[in-house]
$ cat coords13.cif   # mmCIF, C-alpha atoms
data_coords
#
loop_
_atom_site.label_atom_id
_atom_site.label_comp_id
_atom_site.auth_asym_id
_atom_site.auth_seq_id
_atom_site.Cartn_x
_atom_site.Cartn_y
_atom_site.Cartn_z
CA MET A 1 260.16 3.41 26.09
CA ASP A 2 257.10 3.39 23.86
CA GLN A 3 256.90 -0.28 22.93
CA GLN A 4 253.81 -1.45 21.05
CA VAL A 5 252.48 -4.88 20.14
CA ALA A 6 249.95 -4.95 17.31
CA GLY A 7 249.06 -1.31 17.96
CA THR A 8 248.68 -1.86 21.69
CA PRO A 9 251.00 -0.01 24.08
CA VAL A 10 253.06 -2.26 26.37
CA PHE A 11 252.98 -1.22 30.03
CA THR A 12 256.63 -0.25 30.45
CA GLY A 13 258.25 1.41 33.43
CA GLU A 14 258.25 4.69 31.48
CA ARG A 15 254.49 4.45 30.96
CA ALA A 16 254.05 3.57 34.64
CA HIS A 17 256.04 6.72 35.43
CA ALA A 18 253.94 8.93 33.12
CA GLY A 19 250.71 7.62 34.65
CA TYR A 20 251.91 7.45 38.24
CA ARG A 21 249.40 9.90 39.74
CA LEU A 22 246.47 8.26 37.96
CA ASN A 23 247.71 4.82 38.94
CA ARG A 24 248.18 5.82 42.57
CA PHE A 25 244.69 7.31 42.71
CA ALA A 26 243.29 4.14 41.13
CA MET A 27 245.14 1.97 43.66
CA SER A 28 243.38 3.85 46.47
CA MET A 29 240.10 2.39 45.17
CA THR A 30 241.06 -0.94 46.79
CA ASP A 31 239.83 0.59 50.07
CA ALA A 32 236.06 0.73 50.59
CA ALA A 33 236.21 3.99 52.55
CA ASN A 34 238.15 5.66 49.74
CA ARG A 35 235.64 4.42 47.19
CA ALA A 36 232.82 5.96 49.17
CA ARG A 37 234.64 9.28 49.48
CA PHE A 38 235.43 9.30 45.74
CA VAL A 39 231.85 8.57 44.76
CA ALA A 40 230.58 11.29 47.10
CA ASP A 41 232.88 13.96 45.62
CA GLU A 42 234.87 12.77 42.63
CA ALA A 43 236.78 15.96 41.80
CA GLY A 44 237.49 16.81 45.44
CA TYR A 45 238.84 13.33 46.15
CA MET A 46 241.04 13.34 43.05
CA ARG A 47 242.46 16.79 43.89
CA GLU A 48 243.27 15.54 47.36
CA ARG A 49 245.11 12.61 45.72
CA GLY A 50 247.23 15.05 43.71
CA LEU A 51 245.73 14.62 40.25
CA ASN A 52 245.97 17.66 37.97
CA GLU A 53 242.92 19.24 36.33
CA ALA A 54 243.55 17.51 32.98
CA GLU A 55 243.62 14.09 34.68
CA ILE A 56 240.51 14.89 36.71
CA ASP A 57 238.75 15.85 33.50
CA LEU A 58 239.65 12.52 31.86
CA VAL A 59 238.02 10.66 34.76
CA ARG A 60 235.03 13.03 34.76
CA ARG A 61 234.46 12.22 31.08
CA ARG A 62 234.99 8.45 31.69
CA ASP A 63 237.53 8.62 28.88
CA TRP A 64 239.04 5.21 29.58
CA LYS A 65 240.96 5.22 26.29
CA ALA A 66 242.73 8.48 27.10
CA ILE A 67 243.36 7.43 30.71
CA GLY A 68 245.06 4.28 29.42
CA GLU A 69 247.08 6.28 26.91
CA ALA A 70 248.16 8.58 29.76
CA GLY A 71 249.90 5.59 31.39
CA CYS A 72 247.24 4.01 33.59
CA SER A 73 247.60 0.22 33.82
CA ILE A 74 244.50 -1.66 32.67
CA TYR A 75 244.45 -3.43 36.05
CA LEU A 76 244.26 -0.05 37.80
CA LEU A 77 241.97 1.53 35.23
CA ILE A 78 239.26 -1.04 35.95
CA LYS A 79 239.36 -0.08 39.64
CA ILE A 80 238.38 3.49 38.71
CA ALA A 81 235.72 2.17 36.34
CA GLY A 82 234.44 -0.26 38.98
CA ALA A 83 234.04 2.55 41.52
CA VAL A 84 231.73 4.39 39.10
CA GLY A 85 229.77 1.29 38.12
CA GLN A 86 231.43 0.25 34.86
CA ASN A 87 233.01 -3.10 34.09
CA LEU A 88 235.90 -4.50 32.07
CA LEU A 89 233.79 -5.08 28.97
CA GLN A 90 232.67 -1.45 28.92
CA VAL A 91 236.23 -0.23 29.49
CA GLY A 92 237.73 -2.56 26.90
CA ALA A 93 235.19 -1.63 24.24
CA HIS A 94 235.85 2.06 24.89
CA THR A 95 239.61 1.63 24.50
CA LYS A 96 238.88 -0.14 21.21
CA GLY A 97 236.82 2.86 20.10
CA ILE A 98 233.43 1.09 19.95
CA THR A 99 230.38 0.75 22.16
CA LEU A 100 229.70 -2.22 24.38
CA GLU A 101 226.78 -3.19 22.13
CA GLN A 102 229.03 -3.13 19.06
CA PHE A 103 231.60 -5.23 20.88
CA MET A 104 229.09 -7.81 22.06
CA ALA A 105 227.81 -8.14 18.48
CA THR A 106 231.32 -9.36 17.56
CA ARG A 107 231.05 -12.09 20.22
CA LYS A 108 228.15 -13.91 18.63
CA GLY A 109 229.05 -17.53 18.22
CA HIS A 110 231.60 -17.39 21.02
CA MET B 111 263.56 -34.95 51.56
CA GLY B 112 260.55 -33.46 49.81
CA ARG B 113 259.13 -34.50 46.49
CA ILE B 114 257.12 -32.82 43.74
CA ILE B 115 254.21 -35.14 43.01
CA GLY B 116 252.22 -33.07 40.55
CA GLY B 117 251.74 -29.86 38.64
CA VAL B 118 248.71 -27.79 37.72
CA GLY B 119 248.53 -25.01 35.17
CA SER B 120 245.41 -22.89 35.35
CA SER B 121 243.97 -19.65 34.12
CA HIS B 122 242.69 -17.19 36.70
CA ALA B 123 240.08 -14.47 36.24
CA PRO B 124 237.72 -12.39 38.39
CA THR B 125 234.98 -13.93 36.22
CA PHE B 126 235.69 -17.36 37.73
CA GLY B 127 234.73 -15.99 41.12
CA THR B 128 231.61 -14.25 39.85
CA VAL B 129 230.40 -17.36 38.02
CA TRP B 130 231.21 -19.62 40.98
CA ASP B 131 229.61 -17.38 43.60
CA LYS B 132 226.43 -17.00 41.52
CA GLY B 133 226.24 -20.77 40.94
CA GLN B 134 226.44 -20.36 37.15
CA GLN B 135 229.14 -22.98 36.60
CA HIS B 136 226.66 -25.44 35.06
CA GLU B 137 225.32 -22.96 32.50
CA PRO B 138 226.16 -23.78 28.87
CA MET B 139 228.60 -20.86 28.55
CA TRP B 140 230.66 -22.00 31.52
CA ALA B 141 230.14 -25.74 32.00
CA PRO B 142 232.82 -26.77 29.45
CA LEU B 143 235.38 -24.90 31.57
CA PHE B 144 234.20 -25.62 35.09
CA ASP B 145 233.56 -29.30 34.33
CA GLY B 146 237.21 -29.53 33.26
CA TYR B 147 238.34 -28.70 36.79
CA VAL B 148 236.37 -31.55 38.37
CA PRO B 149 238.80 -34.38 37.47
CA VAL B 150 241.73 -32.20 38.56
CA ARG B 151 240.09 -31.64 41.92
CA HIS B 152 239.41 -35.36 42.36
CA TRP B 153 243.01 -36.15 41.46
CA LEU B 154 244.30 -33.60 43.99
CA GLU B 155 242.01 -34.99 46.68
CA ALA B 156 243.39 -38.48 46.04
CA LEU B 157 247.00 -37.24 46.00
CA ARG B 158 246.62 -35.45 49.35
CA PRO B 159 249.64 -33.15 48.93
CA ASP B 160 251.16 -31.43 51.97
CA LEU B 161 251.75 -28.12 50.21
CA PHE B 162 250.87 -26.09 47.13
CA ILE B 163 253.56 -23.82 45.69
CA ILE B 164 251.62 -21.33 43.55
CA VAL B 165 253.43 -19.24 40.93
CA TYR B 166 250.96 -16.48 40.12
CA ASN B 167 250.71 -12.77 39.54
CA ASP B 168 249.14 -10.01 41.55
CA HIS B 169 247.05 -7.43 39.67
CA MET B 170 247.91 -4.21 41.48
CA ASN B 171 246.27 -5.35 44.69
CA ARG B 172 249.05 -6.36 47.09
CA PHE B 173 251.87 -4.80 45.09
CA PHE B 174 251.90 -1.33 43.58
CA LEU B 175 254.18 0.58 41.25
CA ASP B 176 255.85 2.48 44.12
CA ALA B 177 258.04 -0.61 44.67
CA TYR B 178 257.28 -3.47 42.33
CA PRO B 179 259.06 -6.78 42.97
CA THR B 180 260.10 -9.10 40.14
CA PHE B 181 259.70 -12.14 42.40
CA ALA B 182 257.91 -11.92 45.76
CA ILE B 183 257.34 -14.90 48.04
CA GLY B 184 254.93 -15.17 50.91
CA ALA B 185 256.32 -16.15 54.30
CA ALA B 186 253.17 -15.75 56.35
CA GLU B 187 251.08 -17.98 58.56
CA MET B 188 247.91 -16.72 56.87
CA TYR B 189 247.18 -15.06 53.54
CA GLN B 190 244.25 -12.69 53.47
CA GLN B 191 242.16 -12.03 50.40
CA ALA B 192 242.79 -8.62 48.81
CA ASP B 193 239.98 -6.16 48.11
CA GLU B 194 240.50 -5.54 44.40
CA GLY B 195 238.23 -2.50 44.27
CA TRP B 196 234.79 -4.08 44.60
CA GLY B 197 234.90 -5.84 47.98
CA LYS B 198 235.99 -9.33 49.00
CA ARG B 199 234.37 -12.66 48.21
CA ASN B 200 233.07 -14.76 51.05
CA LEU B 201 236.13 -17.00 51.35
CA PRO B 202 238.34 -17.70 54.35
CA ASP B 203 241.99 -16.70 54.50
CA MET B 204 244.46 -19.30 53.24
CA LYS B 205 247.08 -20.80 55.51
CA GLY B 206 250.78 -20.74 54.78
CA ASP B 207 253.87 -22.70 55.73
CA VAL B 208 256.41 -20.27 57.17
CA HIS B 209 259.15 -22.86 57.61
CA PHE B 210 258.94 -24.00 54.04
CA SER B 211 258.86 -20.39 52.80
CA TRP B 212 262.14 -19.55 54.53
CA HIS B 213 263.75 -22.77 53.39
CA LEU B 214 262.64 -21.82 49.87
CA ALA B 215 264.14 -18.35 50.29
CA ARG B 216 267.52 -19.79 51.33
CA SER B 217 267.52 -22.34 48.56
CA LEU B 218 266.51 -19.83 45.87
CA VAL B 219 269.11 -17.28 46.97
CA GLU B 220 271.72 -20.05 46.88
CA ASP B 221 270.51 -20.64 43.31
CA GLU B 222 270.95 -16.92 42.50
CA PHE B 223 267.26 -16.00 42.60
CA ASP B 224 266.73 -13.03 44.91
CA PRO B 225 263.09 -12.80 45.94
CA THR B 226 261.34 -10.15 48.01
CA MET B 227 260.15 -11.99 51.13
CA CYS B 228 256.73 -10.94 52.42
CA GLN B 229 255.48 -11.52 55.95
CA GLU B 230 252.23 -9.90 54.91
CA MET B 231 250.87 -10.75 51.49
CA SER B 232 247.22 -10.45 50.62
CA ILE B 233 246.33 -12.53 47.58
CA ASP B 234 243.96 -11.58 44.81
CA HIS B 235 242.05 -13.46 42.11
CA GLY B 236 245.42 -14.62 40.79
CA VAL B 237 245.10 -17.35 43.44
CA MET B 238 241.60 -17.06 44.88
CA SER B 239 239.61 -17.31 41.64
CA PHE B 240 240.49 -20.87 40.62
CA MET B 241 241.31 -22.41 44.00
CA PRO B 242 237.66 -23.04 44.99
CA MET B 243 237.43 -25.12 41.79
CA LEU B 244 240.31 -27.30 42.99
CA SER B 245 239.90 -27.49 46.75
CA ASP B 246 237.51 -27.50 49.64
CA THR B 247 237.34 -23.84 50.65
CA ARG B 248 238.34 -24.70 54.20
CA TRP B 249 241.74 -24.85 52.44
CA PRO B 250 243.13 -28.10 53.89
CA VAL B 251 246.46 -27.70 52.03
CA PRO B 252 248.76 -24.81 52.99
CA ILE B 253 250.19 -22.62 50.24
CA VAL B 254 253.39 -20.77 49.43
CA PRO B 255 252.52 -18.01 46.94
CA ILE B 256 255.18 -16.74 44.53
CA ALA B 257 254.18 -13.51 42.81
CA VAL B 258 255.90 -12.80 39.48
CA ASN B 259 256.00 -9.42 37.76
CA VAL B 260 254.24 -10.02 34.45
CA ILE B 261 252.74 -6.51 34.35
CA GLN B 262 255.35 -3.72 34.48
CA HIS B 263 257.98 -4.27 31.78
CA PRO B 264 260.80 -5.25 31.87
CA LEU B 265 259.56 -8.67 32.99
CA PRO B 266 261.60 -11.76 33.84
CA THR B 267 262.22 -13.82 30.71
CA ALA B 268 260.53 -17.10 29.87
CA ARG B 269 263.92 -18.77 30.31
CA ARG B 270 264.27 -17.26 33.79
CA LEU B 271 260.89 -18.69 34.77
CA PHE B 272 261.84 -22.09 33.39
CA LYS B 273 264.96 -22.00 35.56
CA LEU B 274 262.82 -20.97 38.51
CA GLY B 275 261.03 -24.31 38.20
CA HIS B 276 264.34 -26.16 38.42
CA ALA B 277 265.20 -24.11 41.51
CA LEU B 278 261.82 -24.89 43.07
CA ARG B 279 262.52 -28.56 42.60
CA ARG B 280 265.93 -28.29 44.27
CA ALA B 281 264.31 -26.46 47.17
CA VAL B 282 261.66 -29.14 47.62
CA GLU B 283 264.23 -31.94 47.39
CA THR B 284 266.52 -30.36 49.99
CA TYR B 285 263.73 -29.78 52.50
CA PRO B 286 264.46 -31.86 55.60
CA LYS B 287 260.88 -33.14 55.91
CA ASP B 288 259.17 -35.60 53.58
CA VAL B 289 256.89 -32.93 52.18
CA ARG B 290 254.82 -33.88 49.10
CA VAL B 291 254.32 -30.83 46.93
CA VAL B 292 252.10 -29.86 44.01
CA VAL B 293 253.40 -26.89 42.02
CA MET B 294 250.87 -24.61 40.34
CA GLY B 295 251.43 -22.00 37.67
CA THR B 296 248.64 -19.61 36.82
CA GLY B 297 247.82 -16.91 34.28
CA GLY B 298 246.53 -16.52 30.75
CA LEU B 299 245.85 -18.04 28.38
CA SER B 300 245.42 -15.56 25.49
CA HIS B 301 243.65 -12.31 26.33
CA GLN B 302 243.91 -8.68 25.33
CA LEU B 303 242.11 -6.40 27.76
CA HIS B 304 242.47 -3.02 26.03
CA GLY B 305 243.27 -1.26 22.77
CA PRO B 306 242.44 -2.02 19.16
CA ASN B 307 242.64 -5.78 19.70
CA PHE B 308 240.50 -5.81 22.87
CA GLY B 309 238.79 -9.17 23.20
CA VAL B 310 240.98 -11.03 20.71
CA VAL B 311 241.57 -14.65 21.69
CA ASN B 312 244.04 -16.90 19.86
CA GLN B 313 242.74 -20.44 20.29
CA ASP B 314 245.35 -21.93 17.96
CA TRP B 315 248.20 -20.45 19.96
CA ASP B 316 246.65 -21.43 23.29
CA ASN B 317 246.35 -25.06 22.20
CA GLU B 318 249.83 -25.03 20.70
CA PHE B 319 251.20 -23.69 23.99
CA LEU B 320 249.43 -26.43 25.95
CA ASP B 321 250.76 -29.09 23.57
CA ARG B 322 254.33 -27.84 23.67
CA LEU B 323 254.33 -27.20 27.41
CA GLU B 324 253.44 -30.80 28.02
CA SER B 325 255.63 -32.58 25.47
CA ASP B 326 258.65 -30.35 24.77
CA PRO B 327 258.61 -27.22 26.94
CA GLU B 328 262.18 -25.98 26.73
CA PRO B 329 261.89 -24.36 23.24
CA LEU B 330 259.13 -22.16 24.71
CA THR B 331 261.90 -20.42 26.65
CA ALA B 332 263.41 -19.15 23.37
CA LEU B 333 260.33 -16.99 22.73
CA SER B 334 260.65 -13.31 23.61
CA HIS B 335 257.99 -11.37 25.47
CA SER B 336 257.03 -9.78 22.14
CA ASP B 337 256.61 -13.26 20.66
CA TYR B 338 254.25 -14.19 23.49
CA MET B 339 252.33 -10.90 23.33
CA GLU B 340 251.94 -10.99 19.54
CA ARG B 341 250.40 -14.45 19.87
CA GLY B 342 248.40 -14.14 23.08
CA GLY B 343 247.91 -10.41 23.78
CA THR B 344 249.72 -8.02 26.11
CA GLU B 345 247.92 -9.48 29.15
CA GLY B 346 248.32 -13.03 27.82
CA ILE B 347 252.03 -12.76 28.69
CA GLU B 348 250.92 -14.10 32.10
CA VAL B 349 251.13 -17.57 30.61
CA ILE B 350 254.87 -17.62 31.27
CA ASN B 351 253.88 -18.35 34.87
CA TRP B 352 253.11 -21.92 33.71
CA LEU B 353 256.75 -22.56 32.78
CA PRO B 354 258.14 -23.05 36.30
CA MET B 355 255.32 -25.50 37.07
CA ARG B 356 256.28 -27.56 34.04
CA SER B 357 260.06 -27.46 34.52
CA SER B 358 259.71 -28.40 38.19
CA LEU B 359 258.28 -31.77 37.11
CA GLY B 360 261.33 -32.92 35.12
CA LYS B 361 261.75 -33.81 31.46
CA THR B 362 258.84 -36.18 30.95
CA VAL B 363 255.34 -36.01 32.35
CA LYS B 364 252.08 -37.89 32.28
CA ARG B 365 248.93 -35.91 31.57
CA VAL B 366 246.13 -36.27 34.12
CA ALA B 367 243.65 -33.81 32.64
CA ARG B 368 243.45 -30.94 30.18
CA THR B 369 240.62 -28.57 29.29
CA TYR B 370 240.44 -25.48 27.09
CA HIS B 371 237.49 -23.14 26.63
CA ALA B 372 237.25 -19.60 25.24
CA PRO B 373 233.72 -18.31 25.84
CA LEU B 374 234.16 -14.53 25.61
CA ILE B 375 237.39 -12.48 25.82
CA THR B 376 239.87 -14.95 27.32
CA GLY B 377 241.23 -18.36 26.47
CA TYR B 378 240.85 -20.38 29.65
CA GLY B 379 242.70 -23.59 30.35
CA VAL B 380 243.58 -26.09 33.03
CA LEU B 381 246.28 -28.74 32.75
CA ALA B 382 247.23 -31.33 35.38
CA LEU B 383 250.46 -33.30 35.08
CA GLU B 384 252.42 -35.87 37.03
CA PRO B 385 256.15 -36.51 36.78
CA ALA B 386 256.72 -39.61 34.62
#

$ encode --input "coords13.cif" --output "structure tokens"
Amino acid sequence: MDQQVAGTPVFTGERAHAGYRLNRFAMSMTDAANRARFVADEAGYMRERGLNEAEIDLVRRRDWKAIGEAGCSIYLLIKIAGAVGQNLLQVGAHTKGITLEQFMATRKGH
Amino acid sequence: MGRIIGGVGSSHAPTFGTVWDKGQQHEPMWAPLFDGYVPVRHWLEALRPDLFIIVYNDHMNRFFLDAYPTFAIGAAEMYQQADEGWGKRNLPDMKGDVHFSWHLARSLVEDEFDPTMCQEMSIDHGVMSFMPMLSDTRWPVPIVPIAVNVIQHPLPTARRLFKLGHALRRAVETYPKDVRVVVMGTGGLSHQLHGPNFGVVNQDWDNEFLDRLESDPEPLTALSHSDYMERGGTEGIEVINWLPMRSSLGKTVKRVARTYHAPLITGYGVLALEPA
């Protein structure tokens, strides 16, 4: 079910199903040894985890917006981002379609 | 017979841990929030409860989508900290109360709640991020964690969570020992972590929620998940975890402390209440 709230997709069971491989790979980043293996050979590790070439390419391009749209939970997405040295603000800005600098400029006065 | 002697609603966030561990809690950006926890901590230290029941949510750390429980309750002697993807903080494990957990399971099932019971249950920032602001980190008070699915829809309704609070109260009051319990509910307040509205905080809604939760909470159960998400963001739906805390205290309450602060991409709040 493709439910949206104010243009934002709601993480439904159907979306969790569509993004299951990406989500399962991301979950493996909760283990330090897996993180080290992923960082050492990103594509090899993702293939081993059963991701297809299109999904591997999304991660290679750090396309957080597309990974989210493919059904990856934001809570799992930030584990992939964290393993490659990016944080929630960078991920969030990307899914909004702007740069981190542009986003932070909107936070002035906060 | 046990008794519920207080309730705490609190936000949780990995940022709390980062700020705390770096000693930045007195910086201007964070002091208005962290200072708000100080009176709550002093109140808890004076109350000296025997147990914290903590209604929280896991963030894909202990529980994964392969088998995702709607309600999961810890029944462990110790609760380890989860590695969320960037290593653990330097905090000891938290101790549990196995006997109370199984009493709670029996009482909830009798009340037609059917939780997943967990003899192993690592806990993430959903518990660990705000607890150092409320307790000595030697963790003198044991916990019973209750994880609620507020991530993979369909979620339990606001009304269901309100009823959970009533069931928690019955469980406490039927416990054979004179246990004095503080119930915590944690999540929110408004935040939107992705998409076109990334970073949007709704301070008006957050303060309205805090007002209504304290004075007249039951109408909050008539709001749908969409109502909550339109006001507070798709991740802000976590705030329904505060409802069982409030309903467990009975109809009227006395406020002990309340703080709200929205420094960046999340509305943060803490609310401490006593039954009146």

$ residues_around --input "coords13.cif" --residues "segment 218-233 of chain B" --least-positions-apart "4" --cutoff "10 Å" --atoms "only C-alpha atoms" --output "ChimeraX atom specification"
/B:166-169,171-173,178-194,203-204,208,211-214,237-238,255-258,270,273-274,276-278,280-281

$ resolve_selection --input "coords13.cif" --expression "the PyMOL selection byres ((chain A) within 10 of (chain B))" --output "PyMOL selection string"
chain A and resi 1+3-17+20+23-24+26-32+34-35+64-65+68-69+73-76+78-83+85+88-89+91-98+103-104+106-110

$ atom_distance --input "coords13.cif" --atom1 "atom CA of Ala123 of chain B" --atom2 "atom CA of Ser239 of chain B"
6.1 Å

$ atom_distance --input "coords13.cif" --atom1 "atom CA of Val311 of chain B" --atom2 "atom CA of Leu58 of chain A"
29.1 Å

$ resolve_selection --input "coords13.cif" --expression "the PyMOL selection byres ((chain B and resi 355) around 10)" --output "PyMOL selection string"
chain B and resi 116-119+163-165+271-272+274-276+278-279+292-296+323+350-354+356-360+383

$ atom_distance --input "coords13.cif" --atom1 "atom CA of Glu53 of chain A" --atom2 "atom CA of Thr99 of chain A"
26.5 Å

$ closest_residue --input "coords13.cif" --among "A:Arg62, A:Arg37, A:Cys72, A:Glu55" --to "Gln90 of chain A" --atoms "all atoms listed in the file"
A:Arg62

$ resolve_selection --input "coords13.cif" --expression "the PyMOL selection byres ((chain B and resi 331) around 8)" --output "PyMOL selection string"
chain B and resi 267-269+272+327-330+332-334

$ closest_residue --input "coords13.cif" --among "B:Asn317, B:Thr128, B:Asn259, B:Ser245" --to "Pro149 of chain B" --atoms "all atoms listed in the file"
B:Ser245
